[in-house]
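Asks: The structure file structure.txt (compact mmCIF, N, CA, C and O atoms) is provided below.
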```txt
# COMPACT_ATOMS: atom_id res chain seq x y z
N MET E 8 12.01 13.88 -10.09
CA MET E 8 11.01 14.42 -9.18
C MET E 8 11.69 15.18 -8.05
O MET E 8 12.67 14.70 -7.47
N GLN E 9 11.17 16.32 -7.72
CA GLN E 9 11.71 17.15 -6.65
C GLN E 9 11.24 16.62 -5.30
O GLN E 9 10.05 16.41 -5.09
N ALA E 10 12.17 16.39 -4.39
CA ALA E 10 11.83 15.90 -3.06
C ALA E 10 11.74 17.08 -2.09
O ALA E 10 12.46 18.06 -2.22
N ASP E 11 10.83 16.97 -1.13
CA ASP E 11 10.70 17.99 -0.10
C ASP E 11 11.77 17.82 0.98
O ASP E 11 12.14 18.77 1.65
N LYS E 12 12.25 16.59 1.12
CA LYS E 12 13.26 16.29 2.13
C LYS E 12 14.09 15.12 1.64
O LYS E 12 13.59 14.26 0.91
N GLU E 13 15.37 15.07 2.06
CA GLU E 13 16.25 13.96 1.67
C GLU E 13 16.96 13.41 2.90
O GLU E 13 17.39 14.17 3.76
N VAL E 14 17.07 12.09 2.94
CA VAL E 14 17.78 11.41 4.01
C VAL E 14 18.97 10.68 3.38
O VAL E 14 18.80 9.92 2.43
N ASP E 15 20.15 10.94 3.90
CA ASP E 15 21.36 10.26 3.43
C ASP E 15 21.64 9.10 4.38
O ASP E 15 22.07 9.30 5.51
N ALA E 16 21.35 7.88 3.91
CA ALA E 16 21.55 6.68 4.73
C ALA E 16 22.69 5.82 4.17
O ALA E 16 22.74 4.62 4.43
N ARG E 17 23.59 6.45 3.43
CA ARG E 17 24.72 5.70 2.87
C ARG E 17 25.59 5.18 4.01
O ARG E 17 25.85 5.89 4.97
N GLY E 18 26.02 3.93 3.86
CA GLY E 18 26.87 3.30 4.86
C GLY E 18 26.11 2.68 6.02
O GLY E 18 26.71 2.05 6.89
N LEU E 19 24.81 2.85 6.06
CA LEU E 19 24.00 2.29 7.14
C LEU E 19 23.31 1.00 6.67
O LEU E 19 22.87 0.91 5.54
N ASN E 20 23.25 0.03 7.57
CA ASN E 20 22.58 -1.23 7.25
C ASN E 20 21.23 -1.30 7.93
O ASN E 20 20.96 -0.57 8.88
N CYS E 21 20.39 -2.19 7.44
CA CYS E 21 19.06 -2.42 7.98
C CYS E 21 19.15 -2.64 9.49
O CYS E 21 20.06 -3.33 9.94
N PRO E 22 18.30 -2.04 10.26
CA PRO E 22 17.10 -1.29 9.91
C PRO E 22 17.29 0.23 9.89
O PRO E 22 16.32 0.97 9.80
N LEU E 23 18.52 0.70 9.98
CA LEU E 23 18.74 2.15 10.12
C LEU E 23 18.19 3.00 8.97
O LEU E 23 17.59 4.05 9.23
N PRO E 24 18.33 2.61 7.68
CA PRO E 24 17.72 3.44 6.62
C PRO E 24 16.21 3.59 6.80
O PRO E 24 15.66 4.68 6.63
N ILE E 25 15.55 2.50 7.18
CA ILE E 25 14.09 2.54 7.40
C ILE E 25 13.76 3.44 8.59
O ILE E 25 12.83 4.25 8.54
N LEU E 26 14.52 3.30 9.67
CA LEU E 26 14.25 4.12 10.86
C LEU E 26 14.46 5.60 10.57
O LEU E 26 13.66 6.44 11.02
N ARG E 27 15.48 5.93 9.81
CA ARG E 27 15.71 7.34 9.44
C ARG E 27 14.57 7.85 8.56
O ARG E 27 14.14 9.00 8.70
N ALA E 28 14.11 7.02 7.64
CA ALA E 28 13.00 7.41 6.76
C ALA E 28 11.72 7.61 7.58
O ALA E 28 10.99 8.57 7.37
N LYS E 29 11.47 6.69 8.50
CA LYS E 29 10.27 6.78 9.33
C LYS E 29 10.26 8.08 10.14
O LYS E 29 9.24 8.76 10.22
N LYS E 30 11.41 8.43 10.72
CA LYS E 30 11.52 9.67 11.49
C LYS E 30 11.29 10.88 10.59
O LYS E 30 10.55 11.80 10.95
N ALA E 31 11.91 10.89 9.40
CA ALA E 31 11.75 12.01 8.48
C ALA E 31 10.29 12.15 8.04
O ALA E 31 9.75 13.26 8.01
N LEU E 32 9.65 11.04 7.72
CA LEU E 32 8.25 11.08 7.28
C LEU E 32 7.34 11.61 8.39
O LEU E 32 6.37 12.32 8.11
N SER E 33 7.66 11.30 9.64
CA SER E 33 6.81 11.75 10.74
C SER E 33 6.86 13.27 10.90
O SER E 33 5.96 13.87 11.48
N GLU E 34 7.91 13.89 10.37
CA GLU E 34 8.06 15.34 10.45
C GLU E 34 7.51 16.06 9.22
O GLU E 34 7.60 17.28 9.13
N MET E 35 6.97 15.29 8.28
CA MET E 35 6.50 15.86 7.02
C MET E 35 4.98 15.90 6.97
O MET E 35 4.30 15.19 7.70
N ASP E 36 4.46 16.73 6.06
CA ASP E 36 3.01 16.82 5.86
C ASP E 36 2.56 15.79 4.84
O ASP E 36 3.35 15.35 3.98
N SER E 37 1.30 15.43 4.89
CA SER E 37 0.73 14.50 3.94
C SER E 37 0.94 15.00 2.51
O SER E 37 0.74 16.18 2.22
N GLY E 38 1.37 14.10 1.63
CA GLY E 38 1.59 14.46 0.23
C GLY E 38 3.00 14.90 -0.09
O GLY E 38 3.38 14.97 -1.26
N GLN E 39 3.79 15.20 0.92
CA GLN E 39 5.17 15.61 0.66
C GLN E 39 6.01 14.40 0.26
O GLN E 39 5.67 13.26 0.56
N VAL E 40 7.13 14.67 -0.42
CA VAL E 40 7.97 13.61 -1.00
C VAL E 40 9.31 13.54 -0.26
O VAL E 40 9.96 14.55 -0.03
N LEU E 41 9.68 12.30 0.07
CA LEU E 41 10.95 12.03 0.75
C LEU E 41 11.83 11.20 -0.18
O LEU E 41 11.38 10.23 -0.78
N ARG E 42 13.09 11.59 -0.26
CA ARG E 42 14.09 10.86 -1.05
C ARG E 42 15.11 10.28 -0.06
O ARG E 42 15.65 11.01 0.76
N VAL E 43 15.32 8.96 -0.15
CA VAL E 43 16.27 8.28 0.73
C VAL E 43 17.38 7.70 -0.13
O VAL E 43 17.12 6.96 -1.08
N VAL E 44 18.63 8.04 0.19
CA VAL E 44 19.79 7.53 -0.52
C VAL E 44 20.47 6.52 0.39
O VAL E 44 20.85 6.85 1.51
N ALA E 45 20.60 5.27 -0.08
CA ALA E 45 21.16 4.20 0.74
C ALA E 45 22.16 3.37 -0.06
O ALA E 45 22.13 3.37 -1.30
N THR E 46 23.02 2.66 0.65
CA THR E 46 23.97 1.75 0.00
C THR E 46 23.70 0.29 0.37
O THR E 46 24.33 -0.60 -0.17
N ASP E 47 22.78 0.04 1.27
CA ASP E 47 22.41 -1.32 1.67
C ASP E 47 21.58 -1.94 0.56
O ASP E 47 20.48 -1.48 0.26
N LYS E 48 22.11 -3.01 -0.07
CA LYS E 48 21.40 -3.63 -1.19
C LYS E 48 20.05 -4.20 -0.77
O LYS E 48 19.15 -4.32 -1.59
N ASN E 49 19.89 -4.53 0.50
CA ASN E 49 18.60 -5.04 0.98
C ASN E 49 17.57 -3.94 1.16
O ASN E 49 16.40 -4.22 1.41
N SER E 50 17.98 -2.69 1.03
CA SER E 50 17.05 -1.59 1.23
C SER E 50 15.94 -1.58 0.18
O SER E 50 14.84 -1.10 0.45
N VAL E 51 16.20 -2.13 -1.00
CA VAL E 51 15.16 -2.19 -2.04
C VAL E 51 13.97 -2.97 -1.52
O VAL E 51 12.83 -2.49 -1.53
N ARG E 52 14.22 -4.16 -1.04
CA ARG E 52 13.16 -5.01 -0.50
C ARG E 52 12.56 -4.39 0.77
O ARG E 52 11.35 -4.41 0.98
N ASP E 53 13.43 -3.83 1.62
CA ASP E 53 12.97 -3.25 2.88
C ASP E 53 12.00 -2.09 2.65
O ASP E 53 10.99 -1.98 3.34
N PHE E 54 12.31 -1.21 1.68
CA PHE E 54 11.43 -0.06 1.44
C PHE E 54 10.12 -0.48 0.78
O PHE E 54 9.09 0.16 1.01
N GLU E 55 10.14 -1.55 -0.01
CA GLU E 55 8.88 -2.06 -0.57
C GLU E 55 7.96 -2.53 0.55
O GLU E 55 6.77 -2.19 0.59
N ALA E 56 8.51 -3.29 1.51
CA ALA E 56 7.73 -3.77 2.64
C ALA E 56 7.29 -2.61 3.54
O ALA E 56 6.14 -2.58 4.00
N PHE E 57 8.18 -1.66 3.77
CA PHE E 57 7.87 -0.50 4.61
C PHE E 57 6.68 0.28 4.04
O PHE E 57 5.75 0.66 4.77
N ALA E 58 6.68 0.49 2.73
CA ALA E 58 5.58 1.23 2.10
C ALA E 58 4.27 0.47 2.24
O ALA E 58 3.23 1.07 2.56
N ARG E 59 4.30 -0.83 2.02
CA ARG E 59 3.08 -1.64 2.16
C ARG E 59 2.55 -1.58 3.59
O ARG E 59 1.34 -1.45 3.80
N GLN E 60 3.42 -1.67 4.56
CA GLN E 60 3.00 -1.72 5.96
C GLN E 60 2.53 -0.38 6.50
O GLN E 60 1.69 -0.35 7.40
N THR E 61 3.07 0.71 5.99
CA THR E 61 2.75 2.03 6.56
C THR E 61 1.72 2.82 5.75
O THR E 61 1.21 3.82 6.23
N GLY E 62 1.48 2.41 4.51
CA GLY E 62 0.53 3.15 3.67
C GLY E 62 1.14 4.33 2.95
O GLY E 62 0.45 5.05 2.23
N ASN E 63 2.45 4.54 3.12
CA ASN E 63 3.13 5.57 2.34
C ASN E 63 3.36 5.03 0.94
O ASN E 63 3.58 3.83 0.76
N GLU E 64 3.31 5.91 -0.06
CA GLU E 64 3.45 5.48 -1.45
C GLU E 64 4.92 5.44 -1.86
O GLU E 64 5.63 6.44 -1.74
N LEU E 65 5.36 4.29 -2.35
CA LEU E 65 6.71 4.16 -2.88
C LEU E 65 6.62 4.57 -4.34
O LEU E 65 6.15 3.83 -5.19
N ILE E 66 7.06 5.79 -4.64
CA ILE E 66 6.93 6.35 -5.98
C ILE E 66 7.94 5.75 -6.94
O ILE E 66 7.61 5.43 -8.08
N ALA E 67 9.18 5.62 -6.49
CA ALA E 67 10.24 5.13 -7.38
C ALA E 67 11.38 4.53 -6.58
O ALA E 67 11.60 4.90 -5.42
N GLN E 68 12.09 3.61 -7.22
CA GLN E 68 13.33 3.07 -6.70
C GLN E 68 14.31 3.02 -7.86
O GLN E 68 13.99 2.49 -8.92
N GLU E 69 15.49 3.59 -7.65
CA GLU E 69 16.50 3.62 -8.69
C GLU E 69 17.82 3.16 -8.10
O GLU E 69 18.02 3.25 -6.90
N SER E 70 18.70 2.69 -8.97
CA SER E 70 20.04 2.36 -8.50
C SER E 70 21.06 3.02 -9.42
O SER E 70 20.86 3.09 -10.63
N GLU E 71 22.08 3.56 -8.80
CA GLU E 71 23.19 4.18 -9.52
C GLU E 71 24.45 3.52 -8.99
O GLU E 71 24.99 3.95 -7.97
N GLY E 72 24.88 2.45 -9.64
CA GLY E 72 26.02 1.68 -9.13
C GLY E 72 25.61 0.99 -7.85
O GLY E 72 24.68 0.20 -7.84
N GLU E 73 26.30 1.31 -6.77
CA GLU E 73 25.99 0.68 -5.48
C GLU E 73 25.17 1.59 -4.57
O GLU E 73 25.08 1.36 -3.37
N VAL E 74 24.55 2.61 -5.16
CA VAL E 74 23.69 3.54 -4.42
C VAL E 74 22.25 3.30 -4.85
O VAL E 74 21.95 3.21 -6.04
N PHE E 75 21.38 3.20 -3.87
CA PHE E 75 19.95 2.96 -4.13
C PHE E 75 19.17 4.18 -3.66
O PHE E 75 19.36 4.65 -2.54
N ILE E 76 18.28 4.65 -4.52
CA ILE E 76 17.50 5.86 -4.24
C ILE E 76 16.02 5.45 -4.16
O ILE E 76 15.48 4.89 -5.11
N HIS E 77 15.41 5.75 -3.03
CA HIS E 77 14.01 5.40 -2.78
C HIS E 77 13.24 6.72 -2.63
O HIS E 77 13.64 7.59 -1.86
N THR E 78 12.14 6.83 -3.35
CA THR E 78 11.32 8.04 -3.29
C THR E 78 9.94 7.65 -2.78
O THR E 78 9.27 6.79 -3.37
N LEU E 79 9.54 8.27 -1.69
CA LEU E 79 8.25 7.97 -1.05
C LEU E 79 7.41 9.22 -0.91
O LEU E 79 7.95 10.31 -0.68
N ARG E 80 6.10 9.04 -1.02
CA ARG E 80 5.15 10.14 -0.75
C ARG E 80 4.46 9.86 0.58
O ARG E 80 3.91 8.79 0.78
N ARG E 81 4.48 10.84 1.46
CA ARG E 81 3.85 10.71 2.78
C ARG E 81 2.36 10.55 2.63
O ARG E 81 1.70 11.27 1.90
N ARG E 82 1.82 9.59 3.36
CA ARG E 82 0.37 9.33 3.32
C ARG E 82 -0.40 10.43 4.00
O ARG E 82 0.07 11.23 4.72
```
For the file at hand, write its structure as structure tokens.
Replies:
Amino acid sequence: MQADKEVDARGLNCPLPILRAKKALSEMDSGQVLRVVATDKNSVRDFEAFARQTGNELIAQESEGEVFIHTLRRR
């Protein structure tokens, strides 16, 4: 899936990947897609909770080795 914006949060621990995603989403239009690349293994759980709490849609979560890719659609 093509993302409208990407945030590189590699090397950052909670809550920084979520905070970077929140800031990026606030600058986007409804329906646009954000891709977040993180290395924090807890980011999988964190982004699931973030999506539930904010109403943004968590489209996909993938892992490539120790890299986790979260794809969200702005509400």
Asks: Do you have the atom CA of E:Leu32-atom CA of E:Phe54 distance handy?
Replies: 13.0 Å
Asks: Here is a test: counting only C-alpha atoms, which residue of E:Gln9, E:Thr78, E:Asn20, E:Gln68 is nearest to E:Val43?
Replies: E:Thr78
Asks: Rounded to one decimal place, report the atom N of E:Glu73-atom CA of E:Gly38 distance in Å.
Replies: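 One can read the atom N of E:Glu73 to atom CA of E:Gly38 distance as 28.9 Å.
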Asks: Can you check which residues of stretch 27-59 of chain E DSSP gives as strand (DSSP E) on the backbone and send them as a PyMOL selection string?
Replies: chain E and resi 40-45
Asks: Put those residues in a file: N, CA, C and O atoms, as a PDB file, in the frame of the given file.
Replies:
```pdb
ATOM      1  N   VAL E  40       7.130  14.670  -0.420  1.00  0.00           N
ATOM      2  CA  VAL E  40       7.970  13.610  -1.000  1.00  0.00           C
ATOM      3  C   VAL E  40       9.310  13.540  -0.260  1.00  0.00           C
ATOM      4  O   VAL E  40       9.960  14.550  -0.030  1.00  0.00           O
ATOM      5  N   LEU E  41       9.680  12.300   0.070  1.00  0.00           N
ATOM      6  CA  LEU E  41      10.950  12.030   0.750  1.00  0.00           C
ATOM      7  C   LEU E  41      11.830  11.200  -0.180  1.00  0.00           C
ATOM      8  O   LEU E  41      11.380  10.230  -0.780  1.00  0.00           O
ATOM      9  N   ARG E  42      13.090  11.590  -0.260  1.00  0.00           N
ATOM     10  CA  ARG E  42      14.090  10.860  -1.050  1.00  0.00           C
ATOM     11  C   ARG E  42      15.110  10.280  -0.060  1.00  0.00           C
ATOM     12  O   ARG E  42      15.650  11.010   0.760  1.00  0.00           O
ATOM     13  N   VAL E  43      15.320   8.960  -0.150  1.00  0.00           N
ATOM     14  CA  VAL E  43      16.270   8.280   0.730  1.00  0.00           C
ATOM     15  C   VAL E  43      17.380   7.700  -0.130  1.00  0.00           C
ATOM     16  O   VAL E  43      17.120   6.960  -1.080  1.00  0.00           O
ATOM     17  N   VAL E  44      18.630   8.040   0.190  1.00  0.00           N
ATOM     18  CA  VAL E  44      19.790   7.530  -0.520  1.00  0.00           C
ATOM     19  C   VAL E  44      20.470   6.520   0.390  1.00  0.00           C
ATOM     20  O   VAL E  44      20.850   6.850   1.510  1.00  0.00           O
ATOM     21  N   ALA E  45      20.600   5.270  -0.080  1.00  0.00           N
ATOM     22  CA  ALA E  45      21.160   4.200   0.740  1.00  0.00           C
ATOM     23  C   ALA E  45      22.160   3.370  -0.060  1.00  0.00           C
ATOM     24  O   ALA E  45      22.130   3.370  -1.300  1.00  0.00           O
TER      25      ALA E  45
END
```
Asks: Within 12 Å of E:Pro22, counting only C-alpha atoms, which residues show up once you throw out same-chain ones fewer than 2 positions away? Write them as a list in words, please.
Replies: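 Here the qualifying residues turn out to be Ala16, Gly18, Leu19, Asn20, Pro24, Ile25, Leu26, Arg27, Ala28, Lys29, Ala45, Asp47, Asn49, Ser50, Arg52, Asp53, Phe54 and Phe57 of chain E.
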Asks: List the spatial neighbours of E:Asp36 as a ChimeraX atom specification - criterion: any atom at most 12 Å away, only C-alpha atoms, same-chain residues fewer than 4 positions off excluded.
Replies: /E:11-12,31-32,40-41,63,80-82
Asks: Nearest to E:Glu55: which of E:Val74, E:Leu79, E:Cys21, E:Met35 is it, counting only C-alpha atoms?
Replies: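 Comparing E:Val74, E:Leu79, E:Cys21, E:Met35 against E:Glu55, the winner is E:Leu79.
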Asks: If we count only N, CA, C and O atoms and set the cut-off at 4.5 Å, which residues sit around E:Arg42, ignoring sequence neighbours fewer than 4 positions away in its own chain? Please answer as an MDAnalysis selection string.
Replies: chainID E and resid 12:14 77
Asks: Taking the DSSP assignment computed from this structure's backbone, write out as a PDB file with N, CA, C and O atoms, in the frame of the given file all residues of chain E that belong to helix (DSSP H, G or I).
Replies:
```pdb
ATOM      1  N   LEU E  23      18.520   0.700   9.980  1.00  0.00           N
ATOM      2  CA  LEU E  23      18.740   2.150  10.120  1.00  0.00           C
ATOM      3  C   LEU E  23      18.190   3.000   8.970  1.00  0.00           C
ATOM      4  O   LEU E  23      17.590   4.050   9.230  1.00  0.00           O
ATOM      5  N   PRO E  24      18.330   2.610   7.680  1.00  0.00           N
ATOM      6  CA  PRO E  24      17.720   3.440   6.620  1.00  0.00           C
ATOM      7  C   PRO E  24      16.210   3.590   6.800  1.00  0.00           C
ATOM      8  O   PRO E  24      15.660   4.680   6.630  1.00  0.00           O
ATOM      9  N   ILE E  25      15.550   2.500   7.180  1.00  0.00           N
ATOM     10  CA  ILE E  25      14.090   2.540   7.400  1.00  0.00           C
ATOM     11  C   ILE E  25      13.760   3.440   8.590  1.00  0.00           C
ATOM     12  O   ILE E  25      12.830   4.250   8.540  1.00  0.00           O
ATOM     13  N   LEU E  26      14.520   3.300   9.670  1.00  0.00           N
ATOM     14  CA  LEU E  26      14.250   4.120  10.860  1.00  0.00           C
ATOM     15  C   LEU E  26      14.460   5.600  10.570  1.00  0.00           C
ATOM     16  O   LEU E  26      13.660   6.440  11.020  1.00  0.00           O
ATOM     17  N   ARG E  27      15.480   5.930   9.810  1.00  0.00           N
ATOM     18  CA  ARG E  27      15.710   7.340   9.440  1.00  0.00           C
ATOM     19  C   ARG E  27      14.570   7.850   8.560  1.00  0.00           C
ATOM     20  O   ARG E  27      14.140   9.000   8.700  1.00  0.00           O
ATOM     21  N   ALA E  28      14.110   7.020   7.640  1.00  0.00           N
ATOM     22  CA  ALA E  28      13.000   7.410   6.760  1.00  0.00           C
ATOM     23  C   ALA E  28      11.720   7.610   7.580  1.00  0.00           C
ATOM     24  O   ALA E  28      10.990   8.570   7.370  1.00  0.00           O
ATOM     25  N   LYS E  29      11.470   6.690   8.500  1.00  0.00           N
ATOM     26  CA  LYS E  29      10.270   6.780   9.330  1.00  0.00           C
ATOM     27  C   LYS E  29      10.260   8.080  10.140  1.00  0.00           C
ATOM     28  O   LYS E  29       9.240   8.760  10.220  1.00  0.00           O
ATOM     29  N   LYS E  30      11.410   8.430  10.720  1.00  0.00           N
ATOM     30  CA  LYS E  30      11.520   9.670  11.490  1.00  0.00           C
ATOM     31  C   LYS E  30      11.290  10.880  10.590  1.00  0.00           C
ATOM     32  O   LYS E  30      10.550  11.800  10.950  1.00  0.00           O
ATOM     33  N   ALA E  31      11.910  10.890   9.400  1.00  0.00           N
ATOM     34  CA  ALA E  31      11.750  12.010   8.480  1.00  0.00           C
ATOM     35  C   ALA E  31      10.290  12.150   8.040  1.00  0.00           C
ATOM     36  O   ALA E  31       9.750  13.260   8.010  1.00  0.00           O
ATOM     37  N   LEU E  32       9.650  11.040   7.720  1.00  0.00           N
ATOM     38  CA  LEU E  32       8.250  11.080   7.280  1.00  0.00           C
ATOM     39  C   LEU E  32       7.340  11.610   8.390  1.00  0.00           C
ATOM     40  O   LEU E  32       6.370  12.320   8.110  1.00  0.00           O
ATOM     41  N   SER E  33       7.660  11.300   9.640  1.00  0.00           N
ATOM     42  CA  SER E  33       6.810  11.750  10.740  1.00  0.00           C
ATOM     43  C   SER E  33       6.860  13.270  10.900  1.00  0.00           C
ATOM     44  O   SER E  33       5.960  13.870  11.480  1.00  0.00           O
ATOM     45  N   SER E  50      17.980  -2.690   1.030  1.00  0.00           N
ATOM     46  CA  SER E  50      17.050  -1.590   1.230  1.00  0.00           C
ATOM     47  C   SER E  50      15.940  -1.580   0.180  1.00  0.00           C
ATOM     48  O   SER E  50      14.840  -1.100   0.450  1.00  0.00           O
ATOM     49  N   VAL E  51      16.200  -2.130  -1.000  1.00  0.00           N
ATOM     50  CA  VAL E  51      15.160  -2.190  -2.040  1.00  0.00           C
ATOM     51  C   VAL E  51      13.970  -2.970  -1.520  1.00  0.00           C
ATOM     52  O   VAL E  51      12.830  -2.490  -1.530  1.00  0.00           O
ATOM     53  N   ARG E  52      14.220  -4.160  -1.040  1.00  0.00           N
ATOM     54  CA  ARG E  52      13.160  -5.010  -0.500  1.00  0.00           C
ATOM     55  C   ARG E  52      12.560  -4.390   0.770  1.00  0.00           C
ATOM     56  O   ARG E  52      11.350  -4.410   0.980  1.00  0.00           O
ATOM     57  N   ASP E  53      13.430  -3.830   1.620  1.00  0.00           N
ATOM     58  CA  ASP E  53      12.970  -3.250   2.880  1.00  0.00           C
ATOM     59  C   ASP E  53      12.000  -2.090   2.650  1.00  0.00           C
ATOM     60  O   ASP E  53      10.990  -1.980   3.340  1.00  0.00           O
ATOM     61  N   PHE E  54      12.310  -1.210   1.680  1.00  0.00           N
ATOM     62  CA  PHE E  54      11.430  -0.060   1.440  1.00  0.00           C
ATOM     63  C   PHE E  54      10.120  -0.480   0.780  1.00  0.00           C
ATOM     64  O   PHE E  54       9.090   0.160   1.010  1.00  0.00           O
ATOM     65  N   GLU E  55      10.140  -1.550  -0.010  1.00  0.00           N
ATOM     66  CA  GLU E  55       8.880  -2.060  -0.570  1.00  0.00           C
ATOM     67  C   GLU E  55       7.960  -2.530   0.550  1.00  0.00           C
ATOM     68  O   GLU E  55       6.770  -2.190   0.590  1.00  0.00           O
ATOM     69  N   ALA E  56       8.510  -3.290   1.510  1.00  0.00           N
ATOM     70  CA  ALA E  56       7.730  -3.770   2.640  1.00  0.00           C
ATOM     71  C   ALA E  56       7.290  -2.610   3.540  1.00  0.00           C
ATOM     72  O   ALA E  56       6.140  -2.580   4.000  1.00  0.00           O
ATOM     73  N   PHE E  57       8.180  -1.660   3.770  1.00  0.00           N
ATOM     74  CA  PHE E  57       7.870  -0.500   4.610  1.00  0.00           C
ATOM     75  C   PHE E  57       6.680   0.280   4.040  1.00  0.00           C
ATOM     76  O   PHE E  57       5.750   0.660   4.770  1.00  0.00           O
ATOM     77  N   ALA E  58       6.680   0.490   2.730  1.00  0.00           N
ATOM     78  CA  ALA E  58       5.580   1.230   2.100  1.00  0.00           C
ATOM     79  C   ALA E  58       4.270   0.470   2.240  1.00  0.00           C
ATOM     80  O   ALA E  58       3.230   1.070   2.560  1.00  0.00           O
ATOM     81  N   ARG E  59       4.300  -0.830   2.020  1.00  0.00           N
ATOM     82  CA  ARG E  59       3.080  -1.640   2.160  1.00  0.00           C
ATOM     83  C   ARG E  59       2.550  -1.580   3.590  1.00  0.00           C
ATOM     84  O   ARG E  59       1.340  -1.450   3.800  1.00  0.00           O
ATOM     85  N   GLN E  60       3.420  -1.670   4.560  1.00  0.00           N
ATOM     86  CA  GLN E  60       3.000  -1.720   5.960  1.00  0.00           C
ATOM     87  C   GLN E  60       2.530  -0.380   6.500  1.00  0.00           C
ATOM     88  O   GLN E  60       1.690  -0.350   7.400  1.00  0.00           O
ATOM     89  N   THR E  61       3.070   0.710   5.990  1.00  0.00           N
ATOM     90  CA  THR E  61       2.750   2.030   6.560  1.00  0.00           C
ATOM     91  C   THR E  61       1.720   2.820   5.750  1.00  0.00           C
ATOM     92  O   THR E  61       1.210   3.820   6.230  1.00  0.00           O
TER      93      THR E  61
END
```
Asks: From the set E:Glu34, E:Ile76, E:Met8, E:Asp15, which residue has the shortest atom-to-atom contact distance to E:Val51, counting all atoms listed in the file?
Replies: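 Of all the options, E:Ile76 lies closest to E:Val51.
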Asks: Between atom N of E:Gly62 and atom O of E:Thr46, what distance in Å does the model show, to one decimal?
Replies: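 Spanning atom N of E:Gly62 to atom O of E:Thr46 is a straight-line distance of 23.5 Å.
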Asks: Starting from 3 Å padding per side, set up an axis-aligned box that covers all listed atoms of stretch 21-36 of chain E and hand over centre and edge lengths in Å, one decimal, as lines of an AutoDock Vina configuration file.
Replies:
```
center_x = 11.5
center_y = 7.0
center_z = 7.7
size_x = 23.8
size_y = 26.6
size_z = 13.5
```
